[in-house]
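Structure data (PDB, C-alpha atoms) from start18.pdb:
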MODEL        1
ATOM      1  CA  MET A   5       0.000   0.000   0.000
ATOM      2  CA  GLU A   6       1.371   3.413  -0.955
ATOM      3  CA  ASN A   7      -0.010   6.943  -1.057
ATOM      4  CA  ARG A   8       1.355  10.472  -0.820
ATOM      5  CA  TYR A   9       1.254  10.406   2.990
ATOM      6  CA  PHE A  10       2.898   7.067   3.787
ATOM      7  CA  SER A  11       3.570   3.610   2.436
ATOM      8  CA  VAL A  12       3.344   0.209   4.084
ATOM      9  CA  ARG A  13       6.149  -2.313   3.649
ATOM     10  CA  ALA A  14       5.906  -5.996   4.639
ATOM     11  CA  ASP A  15       9.245  -7.411   5.759
ATOM     12  CA  ARG A  16      10.312 -10.946   6.545
ATOM     13  CA  LEU A  17      12.128 -10.464   9.808
ATOM     14  CA  ARG A  18      14.664 -12.909  11.242
ATOM     15  CA  LEU A  19      14.903 -12.376  14.991
ATOM     16  CA  PRO A  20      18.067 -12.793  17.083
ATOM     17  CA  ASP A  21      16.569 -15.952  18.669
ATOM     18  CA  GLY A  22      16.125 -17.522  15.223
ATOM     19  CA  GLY A  23      12.388 -16.878  15.111
ATOM     20  CA  ILE A  24      10.786 -15.444  12.009
ATOM     21  CA  LYS A  25       8.187 -12.678  11.936
ATOM     22  CA  ASP A  26       6.588 -12.651   8.513
ATOM     23  CA  PRO A  27       5.081 -10.239   7.732
ATOM     24  CA  TYR A  28       6.496  -7.491   9.921
ATOM     25  CA  TYR A  29       4.764  -4.320   8.732
ATOM     26  CA  VAL A  30       6.704  -1.065   8.601
ATOM     27  CA  ILE A  31       4.976   2.236   7.832
ATOM     28  CA  GLU A  32       7.373   4.414   5.863
ATOM     29  CA  ARG A  33       6.822   8.118   6.332
ATOM     30  CA  THR A  34       8.791  11.294   5.701
ATOM     31  CA  ASP A  35      10.761  12.809   8.585
ATOM     32  CA  ALA A  36       9.339  15.840  10.353
ATOM     33  CA  ALA A  37      10.643  19.007  11.984
ATOM     34  CA  ILE A  38       9.132  20.558  15.114
ATOM     35  CA  ILE A  39       9.887  24.063  16.351
ATOM     36  CA  PHE A  40       9.706  25.623  19.834
ATOM     37  CA  PRO A  41       9.511  29.303  18.754
ATOM     38  CA  LEU A  42      10.192  31.751  21.584
ATOM     39  CA  THR A  43       9.657  35.475  21.051
ATOM     40  CA  ALA A  44      11.788  38.202  22.643
ATOM     41  CA  ASP A  45       8.993  38.920  25.130
ATOM     42  CA  GLY A  46       8.769  35.349  26.392
ATOM     43  CA  GLU A  47       5.875  33.985  24.395
ATOM     44  CA  ILE A  48       5.636  30.745  22.425
ATOM     45  CA  VAL A  49       4.011  30.722  18.988
ATOM     46  CA  LEU A  50       1.580  27.788  18.792
ATOM     47  CA  VAL A  51      -0.852  26.610  16.137
ATOM     48  CA  SER A  52      -4.343  25.276  16.678
ATOM     49  CA  GLN A  53      -5.464  22.680  14.154
ATOM     50  CA  TYR A  54      -8.220  20.091  13.752
ATOM     51  CA  ARG A  55      -6.892  16.507  13.842
ATOM     52  CA  PRO A  56      -9.278  14.115  12.080
ATOM     53  CA  PRO A  57      -7.824  10.875  13.552
ATOM     54  CA  LEU A  58      -8.345  12.191  17.096
ATOM     55  CA  GLU A  59     -11.558  14.097  16.298
ATOM     56  CA  MET A  60     -10.268  17.075  18.241
ATOM     57  CA  THR A  61      -8.640  20.446  17.764
ATOM     58  CA  GLU A  62      -5.057  20.209  18.891
ATOM     59  CA  LEU A  63      -2.904  23.040  20.142
ATOM     60  CA  GLY A  64       0.719  22.394  19.298
ATOM     61  CA  LEU A  65       4.126  23.540  18.191
ATOM     62  CA  PRO A  66       4.556  24.477  14.530
ATOM     63  CA  ALA A  67       5.738  21.407  12.622
ATOM     64  CA  GLY A  68       5.840  19.843   9.207
ATOM     65  CA  LEU A  69       7.426  17.309   6.931
ATOM     66  CA  VAL A  70      11.018  17.594   5.713
ATOM     67  CA  GLU A  71      11.012  17.854   1.928
ATOM     68  CA  GLU A  72      13.309  15.930  -0.403
ATOM     69  CA  GLY A  73      16.816  17.398  -0.314
ATOM     70  CA  GLU A  74      16.026  19.701   2.597
ATOM     71  CA  SER A  75      17.931  19.701   5.905
ATOM     72  CA  PRO A  76      15.777  19.336   9.031
ATOM     73  CA  GLU A  77      16.633  22.900  10.143
ATOM     74  CA  LYS A  78      15.775  24.353   6.735
ATOM     75  CA  ALA A  79      12.450  22.491   6.830
ATOM     76  CA  ALA A  80      11.842  23.773  10.350
ATOM     77  CA  ARG A  81      12.488  27.388   9.332
ATOM     78  CA  ARG A  82      10.243  27.004   6.260
ATOM     79  CA  GLU A  83       7.402  25.396   8.199
ATOM     80  CA  LEU A  84       7.572  28.020  10.951
ATOM     81  CA  SER A  85       7.326  30.780   8.362
ATOM     82  CA  GLU A  86       4.543  29.082   6.361
ATOM     83  CA  GLU A  87       2.434  28.155   9.354
ATOM     84  CA  THR A  88       2.883  31.271  11.477
ATOM     85  CA  GLY A  89       4.696  34.052   9.569
ATOM     86  CA  TYR A  90       7.478  34.036  12.214
ATOM     87  CA  THR A  91      11.114  33.942  11.097
ATOM     88  CA  GLY A  92      14.609  34.702  12.344
ATOM     89  CA  GLY A  93      16.004  34.074  15.815
ATOM     90  CA  GLU A  94      18.823  31.988  17.235
ATOM     91  CA  TRP A  95      18.374  28.281  16.529
ATOM     92  CA  GLU A  96      19.652  25.186  18.275
ATOM     93  CA  SER A  97      18.883  21.488  17.959
ATOM     94  CA  LEU A  98      17.092  19.646  20.765
ATOM     95  CA  GLY A  99      17.797  16.241  19.209
ATOM     96  CA  SER A 100      15.370  13.911  17.496
ATOM     97  CA  VAL A 101      12.657  11.443  18.513
ATOM     98  CA  ALA A 102      10.756   8.630  16.804
ATOM     99  CA  SER A 103       6.988   8.712  17.199
ATOM    100  CA  SER A 104       6.312   4.967  16.768
ATOM    101  CA  PRO A 105       9.537   2.946  17.015
ATOM    102  CA  SER A 106       7.782  -0.424  16.565
ATOM    103  CA  LEU A 107       5.721   0.646  13.540
ATOM    104  CA  LYS A 108       7.047   3.740  11.738
ATOM    105  CA  ASP A 109      10.490   4.532  10.357
ATOM    106  CA  ASN A 110      10.415   8.315  10.577
ATOM    107  CA  TRP A 111      12.096  10.817  12.873
ATOM    108  CA  ALA A 112      11.053  14.188  14.218
ATOM    109  CA  TYR A 113      13.873  16.726  14.524
ATOM    110  CA  LEU A 114      13.328  19.171  17.371
ATOM    111  CA  PHE A 115      14.502  22.791  17.407
ATOM    112  CA  LEU A 116      14.539  25.634  19.879
ATOM    113  CA  ALA A 117      14.376  29.048  18.167
ATOM    114  CA  ARG A 118      14.860  32.059  20.457
ATOM    115  CA  GLY A 119      13.891  35.559  19.404
ATOM    116  CA  VAL A 120      11.607  34.788  16.460
ATOM    117  CA  GLU A 121       9.617  37.711  15.033
ATOM    118  CA  VAL A 122       6.566  37.963  12.817
ATOM    119  CA  THR A 123       7.821  39.237   9.448
ATOM    120  CA  THR A 124       5.370  37.850   6.918
ATOM    121  CA  ALA A 125       1.820  36.542   6.572
ATOM    122  CA  PRO A 126       1.285  32.829   7.197
ATOM    123  CA  ASP A 127       1.084  30.828   3.969
ATOM    124  CA  PRO A 128      -0.257  27.401   4.929
ATOM    125  CA  ASP A 129      -0.757  24.541   2.494
ATOM    126  CA  ASP A 130      -4.154  24.088   0.835
ATOM    127  CA  HIS A 131      -6.775  23.258   3.423
ATOM    128  CA  GLU A 132      -4.189  23.385   6.205
ATOM    129  CA  LEU A 133      -6.518  25.366   8.432
ATOM    130  CA  MET A 134      -4.716  26.605  11.472
ATOM    131  CA  GLU A 135      -4.914  29.458  13.884
ATOM    132  CA  VAL A 136      -1.766  31.054  15.307
ATOM    133  CA  ILE A 137      -1.855  31.559  19.089
ATOM    134  CA  ARG A 138       0.796  33.165  21.309
ATOM    135  CA  VAL A 139       1.077  31.869  24.857
ATOM    136  CA  PRO A 140       3.404  32.979  27.683
ATOM    137  CA  VAL A 141       6.051  30.307  28.147
ATOM    138  CA  GLU A 142       4.967  29.911  31.799
ATOM    139  CA  GLU A 143       1.552  28.648  30.655
ATOM    140  CA  LEU A 144       2.845  25.809  28.465
ATOM    141  CA  LEU A 145       3.032  23.179  31.179
ATOM    142  CA  SER A 146      -0.577  23.723  32.196
ATOM    143  CA  LEU A 147      -1.643  23.323  28.540
ATOM    144  CA  VAL A 148       0.159  19.970  28.504
ATOM    145  CA  HIS A 149      -1.308  18.842  31.825
ATOM    146  CA  SER A 150      -4.832  19.874  30.837
ATOM    147  CA  GLY A 151      -4.691  17.841  27.624
ATOM    148  CA  LYS A 152      -4.803  20.808  25.209
ATOM    149  CA  ILE A 153      -1.373  19.882  23.802
ATOM    150  CA  VAL A 154      -1.327  16.138  23.074
ATOM    151  CA  SER A 155       1.260  15.315  20.402
ATOM    152  CA  SER A 156       3.884  13.082  21.983
ATOM    153  CA  SER A 157       6.694  14.574  19.873
ATOM    154  CA  GLY A 158       5.403  18.063  20.658
ATOM    155  CA  VAL A 159       5.265  17.348  24.395
ATOM    156  CA  ALA A 160       8.780  15.882  24.220
ATOM    157  CA  ALA A 161       9.989  19.031  22.401
ATOM    158  CA  ILE A 162       8.287  21.344  24.916
ATOM    159  CA  MET A 163       9.710  19.545  27.934
ATOM    160  CA  LEU A 164      13.219  19.394  26.418
ATOM    161  CA  ALA A 165      13.052  23.083  25.469
ATOM    162  CA  LEU A 166      11.890  24.113  28.946
ATOM    163  CA  GLU A 167      14.731  22.104  30.458
ATOM    164  CA  ARG A 168      17.205  23.777  28.067
ATOM    165  CA  LEU A 169      15.858  27.234  28.916
ATOM    166  CA  ARG A 170      16.286  26.495  32.637
ATOM    167  CA  GLN A 171      19.915  25.459  32.036
ATOM    168  CA  ALA A 172      20.821  28.248  29.623
ATOM    169  CA  PRO A 173      18.269  31.075  29.918
TER     170      PRO A 173
ATOM    171  CA  MET B  17      -5.912  -2.669   4.637
ATOM    172  CA  GLU B  18      -6.172  -4.490   7.954
ATOM    173  CA  ASN B  19      -3.859  -6.723   9.982
ATOM    174  CA  ARG B  20      -3.383  -7.633  13.615
ATOM    175  CA  TYR B  21      -1.182  -4.602  14.249
ATOM    176  CA  PHE B  22      -3.209  -1.779  12.667
ATOM    177  CA  SER B  23      -5.800  -1.015  10.006
ATOM    178  CA  VAL B  24      -5.982   1.772   7.476
ATOM    179  CA  ARG B  25      -9.246   3.656   6.960
ATOM    180  CA  ALA B  26      -9.901   6.036   4.052
ATOM    181  CA  ASP B  27     -12.243   8.890   5.013
ATOM    182  CA  ARG B  28     -13.915  11.537   2.912
ATOM    183  CA  LEU B  29     -13.207  14.630   4.973
ATOM    184  CA  ARG B  30     -15.195  17.860   4.709
ATOM    185  CA  LEU B  31     -13.056  20.713   5.996
ATOM    186  CA  PRO B  32     -14.352  23.789   7.853
ATOM    187  CA  ASP B  33     -13.578  25.937   4.768
ATOM    188  CA  GLY B  34     -15.785  23.720   2.591
ATOM    189  CA  GLY B  35     -12.846  21.936   0.998
ATOM    190  CA  ILE B  36     -12.865  18.165   0.634
ATOM    191  CA  LYS B  37      -9.954  15.853   1.380
ATOM    192  CA  ASP B  38     -10.717  12.470  -0.149
ATOM    193  CA  PRO B  39      -9.155  10.162   0.779
ATOM    194  CA  TYR B  40      -7.913  11.191   4.205
ATOM    195  CA  TYR B  41      -6.113   8.122   5.547
ATOM    196  CA  VAL B  42      -6.381   7.255   9.231
ATOM    197  CA  ILE B  43      -4.286   4.472  10.744
ATOM    198  CA  GLU B  44      -6.330   2.790  13.471
ATOM    199  CA  ARG B  45      -4.246   1.256  16.229
ATOM    200  CA  THR B  46      -4.825   0.058  19.757
ATOM    201  CA  ASP B  47      -4.067   2.413  22.634
ATOM    202  CA  ALA B  48      -0.863   1.896  24.604
ATOM    203  CA  ALA B  49       0.308   2.245  28.187
ATOM    204  CA  ILE B  50       3.793   3.463  29.171
ATOM    205  CA  ILE B  51       5.271   3.116  32.642
ATOM    206  CA  PHE B  52       7.966   5.128  34.452
ATOM    207  CA  PRO B  53       8.910   2.499  37.082
ATOM    208  CA  LEU B  54      10.927   3.901  39.959
ATOM    209  CA  THR B  55      12.429   1.546  42.543
ATOM    210  CA  ALA B  56      12.816   2.397  46.243
ATOM    211  CA  ASP B  57      16.548   2.974  45.709
ATOM    212  CA  GLY B  58      16.063   5.544  42.951
ATOM    213  CA  GLU B  59      16.530   3.469  39.844
ATOM    214  CA  ILE B  60      14.360   3.298  36.737
ATOM    215  CA  VAL B  61      13.583  -0.065  35.145
ATOM    216  CA  LEU B  62      14.130   0.193  31.390
ATOM    217  CA  VAL B  63      13.941  -2.318  28.551
ATOM    218  CA  SER B  64      16.296  -2.609  25.611
ATOM    219  CA  GLN B  65      14.700  -3.857  22.415
ATOM    220  CA  TYR B  66      15.504  -4.046  18.700
ATOM    221  CA  ARG B  67      13.214  -1.816  16.600
ATOM    222  CA  PRO B  68      13.062  -3.021  12.995
ATOM    223  CA  PRO B  69      11.594   0.188  11.499
ATOM    224  CA  LEU B  70      14.476   2.231  12.941
ATOM    225  CA  GLU B  71      17.092  -0.508  12.505
ATOM    226  CA  MET B  72      18.397   0.159  15.991
ATOM    227  CA  THR B  73      18.221  -1.152  19.523
ATOM    228  CA  GLU B  74      16.150   1.235  21.567
ATOM    229  CA  LEU B  75      16.353   1.745  25.309
ATOM    230  CA  GLY B  76      12.993   2.755  26.676
ATOM    231  CA  LEU B  77      10.309   2.637  29.315
ATOM    232  CA  PRO B  78       8.283  -0.567  29.611
ATOM    233  CA  ALA B  79       5.171  -0.215  27.451
ATOM    234  CA  GLY B  80       2.569  -2.203  25.598
ATOM    235  CA  LEU B  81      -0.845  -2.242  24.034
ATOM    236  CA  VAL B  82      -4.052  -1.986  26.054
ATOM    237  CA  GLU B  83      -6.093  -5.139  25.526
ATOM    238  CA  GLU B  84      -9.835  -5.231  24.840
ATOM    239  CA  GLY B  85     -11.795  -4.502  28.022
ATOM    240  CA  GLU B  86      -8.680  -3.541  29.981
ATOM    241  CA  SER B  87      -8.200  -0.168  31.681
ATOM    242  CA  PRO B  88      -4.995   1.688  30.775
ATOM    243  CA  GLU B  89      -3.636   1.261  34.330
ATOM    244  CA  LYS B  90      -4.391  -2.455  34.352
ATOM    245  CA  ALA B  91      -2.615  -2.795  31.011
ATOM    246  CA  ALA B  92       0.315  -0.787  32.361
ATOM    247  CA  ARG B  93       0.654  -3.035  35.433
ATOM    248  CA  ARG B  94       0.388  -6.179  33.258
ATOM    249  CA  GLU B  95       2.957  -4.955  30.741
ATOM    250  CA  LEU B  96       5.386  -3.900  33.465
ATOM    251  CA  SER B  97       5.148  -7.340  35.052
ATOM    252  CA  GLU B  98       5.398  -9.225  31.723
ATOM    253  CA  GLU B  99       8.288  -7.202  30.366
ATOM    254  CA  THR B 100      10.348  -6.771  33.529
ATOM    255  CA  GLY B 101       9.001  -8.883  36.419
ATOM    256  CA  TYR B 102       8.459  -5.699  38.489
ATOM    257  CA  THR B 103       5.136  -5.140  40.234
ATOM    258  CA  GLY B 104       3.578  -3.146  43.072
ATOM    259  CA  GLY B 105       4.299   0.438  44.008
ATOM    260  CA  GLU B 106       2.266   3.621  44.207
ATOM    261  CA  TRP B 107       0.789   4.575  40.859
ATOM    262  CA  GLU B 108      -0.339   7.888  39.432
ATOM    263  CA  SER B 109      -1.369   9.031  35.970
ATOM    264  CA  LEU B 110       0.838  11.443  34.021
ATOM    265  CA  GLY B 111      -1.860  12.042  31.391
ATOM    266  CA  SER B 112      -1.964  10.812  27.824
ATOM    267  CA  VAL B 113      -0.344  11.722  24.510
ATOM    268  CA  ALA B 114      -0.991  10.918  20.857
ATOM    269  CA  SER B 115       2.006   9.764  18.869
ATOM    270  CA  SER B 116       0.832  10.864  15.404
ATOM    271  CA  PRO B 117      -2.160  13.226  15.646
ATOM    272  CA  SER B 118      -2.410  13.754  11.878
ATOM    273  CA  LEU B 119      -2.210  10.057  10.983
ATOM    274  CA  LYS B 120      -3.029   7.686  13.871
ATOM    275  CA  ASP B 121      -6.024   7.534  16.185
ATOM    276  CA  ASN B 122      -4.397   5.947  19.224
ATOM    277  CA  TRP B 123      -3.365   7.286  22.621
ATOM    278  CA  ALA B 124      -0.547   6.402  24.978
ATOM    279  CA  TYR B 125      -1.471   6.544  28.671
ATOM    280  CA  LEU B 126       1.468   7.508  30.860
ATOM    281  CA  PHE B 127       2.013   6.324  34.432
ATOM    282  CA  LEU B 128       4.474   7.013  37.206
ATOM    283  CA  ALA B 129       4.928   4.006  39.518
ATOM    284  CA  ARG B 130       7.005   4.650  42.640
ATOM    285  CA  GLY B 131       8.451   1.832  44.701
ATOM    286  CA  VAL B 132       8.143  -1.055  42.230
ATOM    287  CA  GLU B 133       9.888  -4.302  43.192
ATOM    288  CA  VAL B 134      10.966  -7.364  41.250
ATOM    289  CA  THR B 135       8.617 -10.171  42.330
ATOM    290  CA  THR B 136       8.456 -12.497  39.344
ATOM    291  CA  ALA B 137      10.332 -13.533  36.225
ATOM    292  CA  PRO B 138       9.676 -11.531  33.054
ATOM    293  CA  ASP B 139       7.228 -13.272  30.721
ATOM    294  CA  PRO B 140       7.458 -11.430  27.400
ATOM    295  CA  ASP B 141       5.357 -12.246  24.342
ATOM    296  CA  ASP B 142       6.724 -14.685  21.765
ATOM    297  CA  HIS B 143       9.801 -13.228  20.102
ATOM    298  CA  GLU B 144       9.546 -10.074  22.197
ATOM    299  CA  LEU B 145      13.248 -10.078  22.888
ATOM    300  CA  MET B 146      14.112  -7.538  25.481
ATOM    301  CA  GLU B 147      16.709  -6.992  28.122
ATOM    302  CA  VAL B 148      15.845  -5.376  31.459
ATOM    303  CA  ILE B 149      18.231  -2.616  32.518
ATOM    304  CA  ARG B 150      18.185  -0.559  35.718
ATOM    305  CA  VAL B 151      19.489   2.984  35.521
ATOM    306  CA  PRO B 152      19.812   5.623  38.266
ATOM    307  CA  VAL B 153      17.128   8.237  37.709
ATOM    308  CA  GLU B 154      19.832  10.939  37.472
ATOM    309  CA  GLU B 155      21.191   9.289  34.306
ATOM    310  CA  LEU B 156      17.938   9.333  32.357
ATOM    311  CA  LEU B 157      18.334  12.788  30.872
ATOM    312  CA  SER B 158      21.753  11.980  29.456
ATOM    313  CA  LEU B 159      20.305   8.822  27.836
ATOM    314  CA  VAL B 160      17.689  11.029  26.161
ATOM    315  CA  HIS B 161      20.213  13.643  25.055
ATOM    316  CA  SER B 162      22.623  11.034  23.707
ATOM    317  CA  GLY B 163      19.919   9.456  21.542
ATOM    318  CA  LYS B 164      19.760   6.116  23.405
ATOM    319  CA  ILE B 165      16.104   6.713  24.334
ATOM    320  CA  VAL B 166      14.244   7.866  21.220
ATOM    321  CA  SER B 167      10.526   7.093  21.526
ATOM    322  CA  SER B 168       8.652  10.403  21.516
ATOM    323  CA  SER B 169       5.974   9.100  23.899
ATOM    324  CA  GLY B 170       8.683   7.628  26.122
ATOM    325  CA  VAL B 171      10.638  10.895  26.176
ATOM    326  CA  ALA B 172       7.413  12.772  26.956
ATOM    327  CA  ALA B 173       6.707  10.335  29.822
ATOM    328  CA  ILE B 174      10.250  10.633  31.183
ATOM    329  CA  MET B 175      10.249  14.422  31.133
ATOM    330  CA  LEU B 176       6.765  14.611  32.702
ATOM    331  CA  ALA B 177       7.751  12.102  35.383
ATOM    332  CA  LEU B 178      10.977  13.959  36.227
ATOM    333  CA  GLU B 179       8.981  17.187  36.502
ATOM    334  CA  ARG B 180       6.454  15.439  38.791
ATOM    335  CA  LEU B 181       9.251  14.028  40.967
ATOM    336  CA  ARG B 182      10.762  17.516  41.326
ATOM    337  CA  GLN B 183       7.375  18.910  42.428
ATOM    338  CA  ALA B 184       6.405  16.021  44.715
ATOM    339  CA  PRO B 185       9.512  14.006  45.611
TER     340      PRO B 185
ENDMDL
END
Would you mind writing the structure in this file as structure tokens?
Amino acid sequence: MENRYFSVRADRLRLPDGGIKDPYYVIERTDAAIIFPLTADGEIVLVSQYRPPLEMTELGLPAGLVEEGESPEKAARRELSEETGYTGGEWESLGSVASSPSLKDNWAYLFLARGVEVTTAPDPDDHELMEVIRVPVEELLSLVHSGKIVSSSGVAAIMLALERLRQAP
Amino acid sequence: MENRYFSVRADRLRLPDGGIKDPYYVIERTDAAIIFPLTADGEIVLVSQYRPPLEMTELGLPAGLVEEGESPEKAARRELSEETGYTGGEWESLGSVASSPSLKDNWAYLFLARGVEVTTAPDPDDHELMEVIRVPVEELLSLVHSGKIVSSSGVAAIMLALERLRQAP
């Protein structure tokens, strides 16, 4: 099975104990980039977006797929600009995580961007309906705990960014 | 497409702006439970497991799928016992996260279990080859930062648990 969003591969897997798992399904999907965008006045730029699989509107960090030939940071800067109109700032990597290690082969690259500014109008993809929302960084944890922010990669990025900001404000 | 691990559903999606996305693919998958198991002497019980989609051995929190009719906490206690042989302790919820909000419909329920003890032999599923590893809680962050622990839901659970332990030691 293959479509523009993912493809499914069936492997014949030989396990270290000699057992065979056939088929072992792997969902192949493009890598993603996720941005923790902090403004000079201590706010985080979030996007609110309807998520059909969860049947809910999710509040989350700007994020998107890495395009062919693009570095994760370039994709992150492009997605931040397209989704929110924010650009610039000082960037650093927060590492990478895998959203479904037993099922999917893709990675999410996490970035902290300090000092982003709105310089352009958002230019989302067709039908990518999202609202841009600024939230004081102090309020992020309560949005996680109250279930408004639910993406596991997004929560990982938020918690790693908050830890980084505590270490190196 | 349907198998014992997931099924793929094709929806016709009407968007708030009147646009139509057809097909919108949703991967249906069983919910999961993830446990942050802390022993009385300040160690975390981790499992090391080969992940075919990532072609790497991943170190991570014990976790598994919630079975039909099971509560997330019951599944978490069962998986912890099956994967590691550890049981007991004081349990609290750390909330839930979604590993792929734009693609998958499943949730991971996160638990902090303080004071777990080894009381039985691990009894993993067929071919679920894993090694149990105890790590001092202070070393967890460096395992995340060095890319040894990569699951986004697992990293989210670890960071939320460490935050909880700071607030309520």
Please provide the set of residues having any atom within 7 Å of stretch 73-81 of chain B, restricted to all atoms listed in the file, with same-chain residues fewer than 5 positions apart removed, written as a PyMOL selection string. chain B and resi 46-52+62-67+92+95-96+99+164-166+170
Once you count all atoms listed in the file, what closest atom pair and distance in Å to one decimal does each residue of chain A within 7 Å of chain B have, with rows by chain and rising residue number, as a Markdown table?
| residue | atom | partner | partner_atom | distance |
| --- | --- | --- | --- | --- |
| A:Gly23 | CA | B:His143 | CA | 6.7 |
| A:Val30 | CA | B:Pro69 | CA | 5.8 |
| A:Arg55 | CA | B:Ser118 | CA | 5.6 |
| A:Pro56 | CA | B:Ser118 | CA | 6.9 |
| A:Pro57 | CA | B:Asp121 | CA | 4.6 |
| A:Leu58 | CA | B:Asp121 | CA | 5.3 |
| A:Gly99 | CA | B:His161 | CA | 6.8 |
| A:Val101 | CA | B:Val166 | CA | 4.8 |
| A:Ala102 | CA | B:Ser167 | CA | 5.0 |
| A:Ser103 | CA | B:Ser168 | CA | 4.9 |
| A:Ser104 | CA | B:Ser167 | CA | 6.7 |
| A:Pro105 | CA | B:Arg67 | CA | 6.0 |
| A:Ser106 | CA | B:Arg67 | CA | 5.6 |
| A:Leu107 | CA | B:Pro69 | CA | 6.2 |
| A:Lys108 | CA | B:Pro69 | CA | 5.8 |
| A:Asp109 | CA | B:Pro69 | CA | 4.6 |
| A:His131 | CA | B:Gly35 | CA | 6.7 |
| A:His149 | CA | B:Gly111 | CA | 6.8 |
| A:Val154 | CA | B:Val113 | CA | 4.7 |
| A:Ser155 | CA | B:Ala114 | CA | 5.0 |
| A:Ser156 | CA | B:Ser169 | CA | 4.9 |
| A:Ser157 | CA | B:Ser168 | CA | 4.9 |
| A:Val159 | CA | B:Ala172 | CA | 5.7 |
| A:Ala160 | CA | B:Ala172 | CA | 4.4 |
| A:Met163 | CA | B:Met175 | CA | 6.1 |
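Running the PyMOL selection byres ((chain B and resi 100) around 8) on this file leaves Val61, Val63, Pro78, Leu96, Ser97, Glu98, Glu99, Gly101, Tyr102, Val134, Ala137, Pro138, Asp139 and Val148 of chain B selected.
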In Å, how far is it from atom CA of A:Leu116 to atom CA of B:Pro53? 29.4 Å
Quote the spacing between atom CA of A:Val141 and atom CA of A:Ala172 in Å to one decimal place.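 Going from atom CA of A:Val141 over to atom CA of A:Ala172 covers 15.0 Å.
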Chain and number of each residue from the PyMOL selection byres ((chain A and resi 96) around 7), as a PDB file with C-alpha atoms, in the frame of the given file:
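Written out: part24.pdb:
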ATOM      1  CA  GLU A  94      18.823  31.988  17.235  1.00  0.00           C
ATOM      2  CA  TRP A  95      18.374  28.281  16.529  1.00  0.00           C
ATOM      3  CA  SER A  97      18.883  21.488  17.959  1.00  0.00           C
ATOM      4  CA  LEU A  98      17.092  19.646  20.765  1.00  0.00           C
ATOM      5  CA  PHE A 115      14.502  22.791  17.407  1.00  0.00           C
ATOM      6  CA  LEU A 116      14.539  25.634  19.879  1.00  0.00           C
ATOM      7  CA  ALA A 117      14.376  29.048  18.167  1.00  0.00           C
TER       8      ALA A 117
END
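Proximity to B:Asp38 was assessed for B:Ala91, B:Arg20, B:Ala26, B:Thr55 counting all atoms listed in the file; the smallest distance is recorded for B:Ala26.
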What does the structure give for the distance between atom CA of A:Gly92 and atom CA of A:Thr123, in Å to one decimal?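 Atom CA of A:Gly92 sits 8.7 Å away from atom CA of A:Thr123.
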